[in-house]
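Asks: For reference, this is entry18.cif, and it has mmCIF, C-alpha atoms and all ligand atoms.
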data_start
loop_
_atom_site.label_atom_id
_atom_site.label_comp_id
_atom_site.auth_asym_id
_atom_site.auth_seq_id
_atom_site.Cartn_x
_atom_site.Cartn_y
_atom_site.Cartn_z
CA MET X 981 117.52 104.74 91.82
CA ASN X 982 118.46 107.73 89.72
CA PRO X 983 117.07 111.21 90.59
CA PHE X 984 115.16 111.56 87.33
CA LEU X 985 113.19 108.40 87.95
CA MET X 986 112.52 109.45 91.54
CA ALA X 987 111.03 112.74 90.28
CA VAL X 988 108.80 110.97 87.77
CA VAL X 989 107.53 108.51 90.36
CA GLY X 990 106.91 111.34 92.83
CA ALA X 991 104.92 113.34 90.29
CA VAL X 992 102.70 110.38 89.44
CA VAL X 993 102.05 109.64 93.11
CA ASN X 994 101.05 113.27 93.72
CA LEU X 995 98.61 113.19 90.83
CA THR X 996 96.93 109.96 91.79
CA ARG X 997 93.78 110.28 93.88
CA VAL X 998 91.89 107.50 95.56
CA CYS X 999 88.17 108.03 95.95
CA PRO X 1000 87.21 107.90 99.66
CA LYS X 1001 83.89 106.33 98.79
CA CYS X 1002 84.50 103.67 96.14
CA ARG X 1003 88.31 103.41 96.27
CA HIS X 1004 88.58 104.09 92.57
CA ARG X 1005 92.00 105.38 91.65
CA GLN X 1006 92.38 108.05 89.07
CA VAL X 1007 95.12 110.30 87.83
CA VAL X 1008 94.33 114.01 87.80
CA SER X 1009 95.86 116.48 85.38
CA THR X 1010 98.54 118.84 86.60
CA LYS X 1011 96.23 121.86 86.42
CA ASP X 1012 93.84 120.19 88.87
CA LYS X 1013 96.61 119.27 91.28
CA TYR X 1014 95.39 121.66 93.97
CA LYS X 1015 91.69 121.39 93.19
CA SER X 1016 89.04 118.89 94.13
CA VAL X 1017 88.28 116.45 91.38
CA ARG X 1018 85.19 114.40 90.78
CA CYS X 1019 85.42 110.63 90.89
CA LYS X 1020 84.81 109.23 87.42
CA LYS X 1021 83.05 106.24 88.86
CA CYS X 1022 80.69 107.51 91.58
CA GLY X 1023 80.85 111.32 91.27
CA THR X 1024 82.18 111.99 94.76
CA ASP X 1025 84.43 115.00 95.16
CA ILE X 1026 87.96 113.98 96.00
CA PRO X 1027 89.86 116.73 97.83
CA PRO X 1028 93.48 117.45 96.95
CA LYS X 1029 96.23 116.12 99.14
CA ILE X 1030 97.75 118.96 101.07
CA ARG X 1031 101.41 118.54 101.76
CA SER X 1032 103.20 120.91 104.04
ZN ZN T 1 84.26 107.06 93.68
#
What is this file in structure tokens?
Ligand SMILES: [Zn+2]
Replies:
Amino acid sequence: MNPFLMAVVGAVVNLTRVCPKCRHRQVVSTKDKYKSVRCKKCGTDIPPKIRS
């Protein structure tokens, strides 16, 4: 796989959150990458993934 495609796939994976309550998947915007977002389906706060 070429490096550009790898970067795109990686970015999408980082911006996808799965709700811990209802398992709804949603993509968050880049500006909310390090913030908690609210599930569009059930309203539960989904914490950001912390990667070290
Ligand atoms: Zn939810």
Asks: Taking only C-alpha atoms and all ligand atoms and a cut-off of 9 Å, can you tell me which residues surround ligand ZN 1 (chain T), written as a PyMOL selection string?
Replies: chain X and resi 998-1005+1018-1026
Asks: Just give me the gap between atom CA of Gln1006 of chain X and atom CA of Asn994 of chain X in Å, one decimal is fine.
Replies: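 So the two atoms, atom CA of Gln1006 of chain X and atom CA of Asn994 of chain X, lie 11.1 Å apart.
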Asks: What is the distance between atom CA of Lys1011 of chain X and atom CA of Leu995 of chain X, in Å to one decimal?
Replies: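 Pair atom CA of Lys1011 of chain X / atom CA of Leu995 of chain X returns 10.0 Å.
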Asks: Suppose you want the space between atom CA of Thr1010 of chain X and atom CA of Pro1028 of chain X; what is it in Å?
Replies: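 Atom-to-atom, atom CA of Thr1010 of chain X to atom CA of Pro1028 of chain X, that is 11.6 Å.
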Asks: List every protein, DNA or RNA residue that has at least one atom no more than 8 Å from (94.5, 115.5, 94.1) in the file's coordinates, counting all atoms listed in the file, and write the result as a PyMOL selection string.
Replies: chain X and resi 994-997+1008+1012-1017+1026-1029
